[in-house]
Amino acid sequence: MLNQLAALGRIGIGTLQQLGRGHLLLLHILSGVPALFGRPRLLLNQIFAVGVLSLLIVAISGTFVGMVLGLQGYYILSQFGAEQTLGVMVAASLVRELGPVVTALLFAGRAGSALTAEIGLMKATEQLSGLEMMAVNPVKRILTPRFLAGFISMPLLAAIFSALGVIGGYFVGVGLLGVDDGAFWSQMQAKIDLHEDVFNGVIKSLVFGLVCTWIALFQGYSALPTSEGVSRATTRTVVHSSFAVLGLDFILTALMFGE
Amino acid sequence: MSTDEPLVRIRDLRFSRGERVIFDGVDIDIPRGAVTAIMGPSGTGKTTLLKLIGGQLRPDSGSIEVAGEAVHRLGTRDLYRLRMRMGMLFQSGALLTDISVFDNVAYPLREHTGLPESLIRKLVLLKLEAVGLRGARELMPNELSGGMARRVALARAMALDPMMIMYDEPFTGQDPISMGVLVELIRSLNDASGLSSVIVSHDVAETARIADLIYVISNGKVIEHGAPEAMLNSSSAWTSQFMNGLADGPVPFHYPAPELKVDLLGGA
């Protein structure tokens, strides 16, 4: 009994230590942001690696998710004779929920795991130590540009996801199932609110971008410098990011849309 | 340059990782302008010693002074300023894998000097020429052999014209030609550039060839130090076993275990 309590205590202390280290790392990363403005090329390179290279998977997924929404939405709405509101349903689901959430999950799998593996391997091959010995701060030089790139890329990727999703929904709803073209767009225009829907969606994706990139960088930076350590850290990045995104989505939704 | 004051002065250094004591009261003086070797069996904390000198680790107690500055008491800014005058060659080379040989050597110059690109190009080519790899400047690190990677890392370590270079196991895993090249390079760069060099190694023959002074450490203490010849002919049983590579001696061949007979008959 006492042993179990002690084990529970150890897990608790370990988790708190991890959280503490994570927050200290975040502060260290943020302290490097001002210097980054003097060297925009570092940031641009990372936006390319983190954002542009994730475009394909986000674009294809967005289109298909929109198409499925169009299909499912049509079957349900048509039972009530409300298929003209298909555009609203597709756009609201995408902008409020699926855009930020699914993009964040894809981002964690595509870019987050790559970031963790990259930083973990840089640690394992002594590249980070090498930078330190060259009097270059590895956190500010390597982690900060990647962090900012993730934070900037995520809302853009989510926007692209939602936009292509709407087009996918339009293609299925209007193109294949015969929903009225004008009704699809005008209903959407009338019902989707810039502040209530779009703005809140952007806030969500900014939060997810911050959390996913932070988790990925922290896992890479604190990975054991062995092949097994890096592999475990990469897995943890995807698992922790997914939990964090889904949990935070509930909290944010409750805060934004709850009465 | 050649004042009597040692470049690195370590006094009563104590350092442990968890329960394991790595250094237990170590005194080391690294003279200016010389090649000093720190030798000892694997796992004695030789690399840890370099990290302590470079300020990447902090000692539990004792002092480490480099060029008169107490490394373990420096703040980040001062430590980084001091590191710009220290080069370190890692065992793996630790080159940045996403940029070319040229950019790797140019890296510290671009980070710290603000020199125009035309001048950086000349400096990089000179450093690469010194290690014989000017022709390999367009290659990526994954296209280099282990020995070439270490030579590029050496050029990078020298880019800011440091006062000292620390070598972490520079000869491990090298073919005889690469080994010969590295041995010559370390000695000639030390003398030509007026450097001070610290080599951490357990390759006795190569290290003894170029070192001016050897410290032998084991079990957290300095066992003996002196010129290479003195070490090779040492009367200490331990030093003699290590320097001459004898299988048995004060360091036993067998890992501690119960008697063989007991072990064989004791099982189920």
# chains A, B, ... in the order shown; residues from 1 in each chain; ligands from 1
>>> residues_around(residues="Met88 (chain B)", least_positions_apart="2", cutoff="10 Å", atoms="only C-alpha atoms", output="list in words")
Ser129, Gly130, Met133 and Met134 of chain A; Leu50, Lys51, Gly54, Arg83, Met86, Phe90, Gln91, Gly93, Ala94, Ala153, Leu154, Arg156, Ala157, Met158, Pro162, Met164, Ile165, Met166, Tyr167, Asp168, Ser197 and Val198 of chain B
>>> write_last_selection(atoms="N, CA and C atoms", output="tab-separated table (two decimals), in the first residue's frame")
chain	number	residue	atom	x	y	z
A	129	SER	N	25.47	20.51	-28.40
A	129	SER	CA	26.65	20.78	-27.57
A	129	SER	C	27.69	21.55	-28.35
A	130	GLY	N	27.83	21.16	-29.64
A	130	GLY	CA	28.80	21.84	-30.51
A	130	GLY	C	28.47	23.33	-30.63
A	133	MET	N	29.43	25.12	-27.49
A	133	MET	CA	30.87	25.36	-27.38
A	133	MET	C	31.36	26.39	-28.40
A	134	MET	N	30.52	26.67	-29.42
A	134	MET	CA	30.88	27.77	-30.34
A	134	MET	C	30.27	29.08	-29.83
B	50	LEU	N	36.31	17.63	-20.08
B	50	LEU	CA	36.30	18.68	-21.11
B	50	LEU	C	35.03	19.54	-20.97
B	51	LYS	N	33.92	18.88	-20.68
B	51	LYS	CA	32.67	19.66	-20.53
B	51	LYS	C	32.74	20.57	-19.32
B	54	GLY	N	34.84	23.46	-20.37
B	54	GLY	CA	34.09	24.33	-21.29
B	54	GLY	C	32.87	24.97	-20.64
B	83	ARG	N	34.03	31.17	-24.26
B	83	ARG	CA	33.99	30.04	-25.20
B	83	ARG	C	34.41	30.44	-26.61
B	86	MET	N	37.72	29.39	-27.01
B	86	MET	CA	38.02	27.97	-26.81
B	86	MET	C	37.39	27.19	-27.97
B	90	PHE	N	34.53	17.60	-31.12
B	90	PHE	CA	33.78	16.48	-30.54
B	90	PHE	C	34.16	15.18	-31.24
B	91	GLN	N	33.90	14.08	-30.53
B	91	GLN	CA	34.24	12.76	-31.06
B	91	GLN	C	33.58	12.52	-32.41
B	93	GLY	N	32.52	14.87	-34.41
B	93	GLY	CA	32.69	16.03	-35.28
B	93	GLY	C	31.63	17.07	-34.99
B	94	ALA	N	30.39	16.60	-34.73
B	94	ALA	CA	29.27	17.49	-34.37
B	94	ALA	C	29.05	18.58	-35.42
B	153	ALA	N	35.63	19.68	-38.67
B	153	ALA	CA	35.29	20.19	-37.33
B	153	ALA	C	36.48	20.93	-36.73
B	154	LEU	N	37.68	20.45	-37.04
B	154	LEU	CA	38.89	21.12	-36.54
B	154	LEU	C	39.02	22.51	-37.17
B	156	ARG	N	36.60	24.27	-38.22
B	156	ARG	CA	35.56	25.10	-37.61
B	156	ARG	C	35.97	25.55	-36.21
B	157	ALA	N	36.59	24.61	-35.45
B	157	ALA	CA	37.01	24.96	-34.09
B	157	ALA	C	38.07	26.07	-34.12
B	158	MET	N	38.84	26.13	-35.23
B	158	MET	CA	39.91	27.14	-35.31
B	158	MET	C	39.43	28.44	-35.95
B	162	PRO	N	41.08	30.50	-31.70
B	162	PRO	CA	40.98	30.38	-30.24
B	162	PRO	C	42.36	30.28	-29.59
B	164	MET	N	42.82	28.01	-27.21
B	164	MET	CA	43.02	26.59	-26.93
B	164	MET	C	41.99	25.75	-27.70
B	165	ILE	N	42.38	24.50	-27.98
B	165	ILE	CA	41.43	23.57	-28.59
B	165	ILE	C	41.41	22.30	-27.74
B	166	MET	N	40.20	21.83	-27.49
B	166	MET	CA	40.06	20.59	-26.73
B	166	MET	C	39.61	19.48	-27.70
B	167	TYR	N	40.30	18.38	-27.65
B	167	TYR	CA	39.99	17.26	-28.56
B	167	TYR	C	39.41	16.12	-27.76
B	168	ASP	N	38.20	15.70	-28.11
B	168	ASP	CA	37.57	14.58	-27.40
B	168	ASP	C	37.77	13.31	-28.23
B	197	SER	N	46.73	22.89	-26.58
B	197	SER	CA	45.82	21.81	-26.94
B	197	SER	C	45.63	20.86	-25.76
B	198	VAL	N	44.41	20.39	-25.62
B	198	VAL	CA	44.12	19.36	-24.61
B	198	VAL	C	43.52	18.18	-25.36
>>> closest_atom_pairs(of="chain A", to="chain B", cutoff="10 Å", atoms="only C-alpha atoms", output="tab-separated table")
residue	atom	partner	partner_atom	distance
A:Met122	CA	B:Leu96	CA	8.1
A:Lys123	CA	B:Ala94	CA	9.5
A:Ala124	CA	B:Ala94	CA	9.5
A:Thr125	CA	B:Ala94	CA	6.0
A:Glu126	CA	B:Ala94	CA	5.2
A:Gln127	CA	B:Ala94	CA	4.7
A:Leu128	CA	B:Ala94	CA	8.1
A:Ser129	CA	B:Ala94	CA	8.0
A:Gly130	CA	B:Ala94	CA	5.8
A:Leu131	CA	B:Ala94	CA	8.7
A:Glu132	CA	B:Gln56	CA	7.9
A:Met133	CA	B:Arg83	CA	6.0
A:Met134	CA	B:Met84	CA	6.2
A:Ala135	CA	B:Tyr80	CA	4.6
A:Val136	CA	B:Tyr80	CA	7.5
A:Asn137	CA	B:Tyr80	CA	8.5
A:Arg141	CA	B:Glu111	CA	9.8
>>> closest_residue(among="B:Leu125, B:Met163, B:Ala247, B:Gln174", to="Gly146 (chain B)", atoms="only C-alpha atoms")
B:Gln174
>>> residues_around(residues="Glu138 (chain B)", least_positions_apart="4", cutoff="12 Å", atoms="only C-alpha atoms", output="CSV table (one decimal) with all heavy atoms, in the first residue's frame")
chain,number,residue,atom,x,y,z
B,99,ILE,N,23.9,21.8,-43.5
B,99,ILE,CA,24.7,22.8,-44.3
B,99,ILE,C,26.0,22.2,-44.7
B,99,ILE,O,26.5,21.3,-44.1
B,99,ILE,CB,24.9,24.1,-43.5
B,99,ILE,CG1,25.5,23.9,-42.1
B,99,ILE,CG2,23.6,24.9,-43.3
B,99,ILE,CD1,25.8,25.2,-41.3
B,100,SER,N,26.6,22.8,-45.8
B,100,SER,CA,27.8,22.3,-46.4
B,100,SER,C,29.0,22.5,-45.5
B,100,SER,O,29.0,23.2,-44.5
B,100,SER,CB,28.0,23.0,-47.7
B,100,SER,OG,28.4,24.3,-47.5
B,101,VAL,N,30.1,21.8,-45.9
B,101,VAL,CA,31.4,22.0,-45.2
B,101,VAL,C,31.7,23.5,-45.1
B,101,VAL,O,32.1,23.9,-44.0
B,101,VAL,CB,32.5,21.2,-46.0
B,101,VAL,CG1,33.9,21.6,-45.6
B,101,VAL,CG2,32.3,19.7,-45.8
B,102,PHE,N,31.6,24.2,-46.2
B,102,PHE,CA,32.0,25.6,-46.2
B,102,PHE,C,31.2,26.4,-45.1
B,102,PHE,O,31.7,27.1,-44.3
B,102,PHE,CB,31.8,26.2,-47.6
B,102,PHE,CG,32.1,27.7,-47.7
B,102,PHE,CD1,33.4,28.1,-48.1
B,102,PHE,CD2,31.2,28.7,-47.3
B,102,PHE,CE1,33.7,29.4,-48.2
B,102,PHE,CE2,31.6,30.0,-47.4
B,102,PHE,CZ,32.8,30.4,-47.8
B,103,ASP,N,29.8,26.1,-45.2
B,103,ASP,CA,29.0,26.9,-44.3
B,103,ASP,C,29.2,26.5,-42.8
B,103,ASP,O,29.1,27.3,-41.9
B,103,ASP,CB,27.5,26.6,-44.6
B,103,ASP,CG,27.1,27.3,-45.9
B,103,ASP,OD1,27.8,28.4,-46.2
B,103,ASP,OD2,26.3,26.8,-46.7
B,104,ASN,N,29.6,25.2,-42.6
B,104,ASN,CA,29.9,24.8,-41.2
B,104,ASN,C,31.1,25.6,-40.7
B,104,ASN,O,31.1,26.0,-39.5
B,104,ASN,CB,30.2,23.3,-41.2
B,104,ASN,CG,29.1,22.5,-40.7
B,104,ASN,OD1,28.7,22.5,-39.6
B,104,ASN,ND2,28.5,21.7,-41.7
B,105,VAL,N,32.1,25.7,-41.5
B,105,VAL,CA,33.3,26.4,-41.0
B,105,VAL,C,33.0,27.9,-40.9
B,105,VAL,O,33.5,28.6,-40.0
B,105,VAL,CB,34.5,26.2,-42.0
B,105,VAL,CG1,35.8,26.9,-41.5
B,105,VAL,CG2,34.8,24.7,-42.1
B,125,LEU,N,38.4,29.5,-46.5
B,125,LEU,CA,39.2,28.7,-47.4
B,125,LEU,C,40.6,28.5,-46.8
B,125,LEU,O,41.2,27.4,-47.0
B,125,LEU,CB,39.4,29.5,-48.8
B,125,LEU,CG,38.1,29.5,-49.6
B,125,LEU,CD1,38.3,30.2,-50.9
B,125,LEU,CD2,37.5,28.1,-49.8
B,128,LEU,N,40.2,25.8,-44.2
B,128,LEU,CA,40.1,24.5,-44.9
B,128,LEU,C,41.4,24.0,-45.5
B,128,LEU,O,41.7,22.8,-45.5
B,128,LEU,CB,38.9,24.5,-45.9
B,128,LEU,CG,37.5,24.5,-45.3
B,128,LEU,CD1,36.5,24.8,-46.4
B,128,LEU,CD2,37.2,23.1,-44.7
B,133,LEU,N,41.3,20.3,-46.8
B,133,LEU,CA,40.0,20.0,-47.3
B,133,LEU,C,39.4,21.2,-48.1
B,133,LEU,O,38.2,21.3,-48.2
B,133,LEU,CB,39.1,19.5,-46.2
B,133,LEU,CG,39.4,18.2,-45.6
B,133,LEU,CD1,38.5,17.8,-44.4
B,133,LEU,CD2,39.3,17.1,-46.6
B,134,ARG,N,40.2,22.0,-48.6
B,134,ARG,CA,39.7,23.2,-49.4
B,134,ARG,C,38.8,22.7,-50.5
B,134,ARG,O,37.8,23.3,-50.9
B,134,ARG,CB,40.9,24.1,-49.9
B,134,ARG,CG,40.4,25.4,-50.5
B,134,ARG,CD,41.6,26.3,-50.6
B,134,ARG,NE,42.8,25.7,-51.2
B,134,ARG,CZ,43.0,25.5,-52.5
B,134,ARG,NH1,42.2,25.9,-53.4
B,134,ARG,NH2,44.1,24.8,-52.8
B,142,ASN,N,27.2,14.5,-44.7
B,142,ASN,CA,27.0,13.0,-44.9
B,142,ASN,C,27.8,12.4,-46.0
B,142,ASN,O,27.8,11.2,-46.2
B,142,ASN,CB,25.5,12.7,-45.0
B,142,ASN,CG,24.9,13.4,-46.3
B,142,ASN,OD1,25.7,14.0,-47.1
B,142,ASN,ND2,23.6,13.3,-46.4
B,143,GLU,N,28.5,13.3,-46.8
B,143,GLU,CA,29.4,12.8,-47.8
B,143,GLU,C,30.8,12.6,-47.4
B,143,GLU,O,31.7,12.3,-48.2
B,143,GLU,CB,29.3,13.7,-49.0
B,143,GLU,CG,27.9,13.8,-49.7
B,143,GLU,CD,27.9,14.9,-50.7
B,143,GLU,OE1,27.8,16.1,-50.4
B,143,GLU,OE2,27.9,14.6,-51.9
B,144,LEU,N,31.1,13.0,-46.1
B,144,LEU,CA,32.5,12.9,-45.6
B,144,LEU,C,32.7,11.6,-44.9
B,144,LEU,O,31.8,11.1,-44.3
B,144,LEU,CB,32.7,14.1,-44.6
B,144,LEU,CG,32.5,15.5,-45.1
B,144,LEU,CD1,32.6,16.5,-44.0
B,144,LEU,CD2,33.4,15.9,-46.2
B,152,VAL,N,37.2,18.8,-40.8
B,152,VAL,CA,36.3,19.9,-41.0
B,152,VAL,C,36.0,20.6,-39.6
B,152,VAL,O,36.0,21.8,-39.5
B,152,VAL,CB,35.0,19.5,-41.7
B,152,VAL,CG1,34.1,20.7,-41.8
B,152,VAL,CG2,35.3,19.0,-43.1
>>> closest_residue(among="A:Ile215, A:Val52, A:Leu19, A:Leu164", to="Val90 (chain A)", atoms="only C-alpha atoms")
A:Leu164
>>> closest_residue(among="B:Pro170, B:Gly245, B:Gly220, B:Gly114", to="Arg17 (chain B)", atoms="only C-alpha atoms")
B:Gly220
>>> residues_around(residues="Gly109 (chain A)", least_positions_apart="2", cutoff="12 Å", atoms="only C-alpha atoms", output="list in words")
Val50, Ser54, Ile57, Val58, Val102, Thr103, Ala104, Leu105, Leu106, Phe107, Ala111, Gly112, Ser113, Ala114, Leu115, Thr116, Ala117, Cys212, Thr213, Ala216, Thr234, Thr235, Arg236, Thr237, Val238, Val239, His240, Ser241 and Ser242 of chain A
>>> residues_around(residues="Pro176 (chain B)", least_positions_apart="5", cutoff="12 Å", atoms="only C-alpha atoms", output="ChimeraX atom specification")
/B:147,171,181-183,206
>>> atom_distance(atom1="CA of Arg32 (chain B)", atom2="CA of Ser240 (chain B)")
27.4 Å
>>> closest_residue(among="A:Leu210, A:Ile60, A:Ile192, A:Ile13", to="Leu148 (chain A)", atoms="only C-alpha atoms")
A:Leu210
>>> atom_distance(atom1="CA of Asp29 (chain B)", atom2="CA of Lys46 (chain B)")
14.9 Å
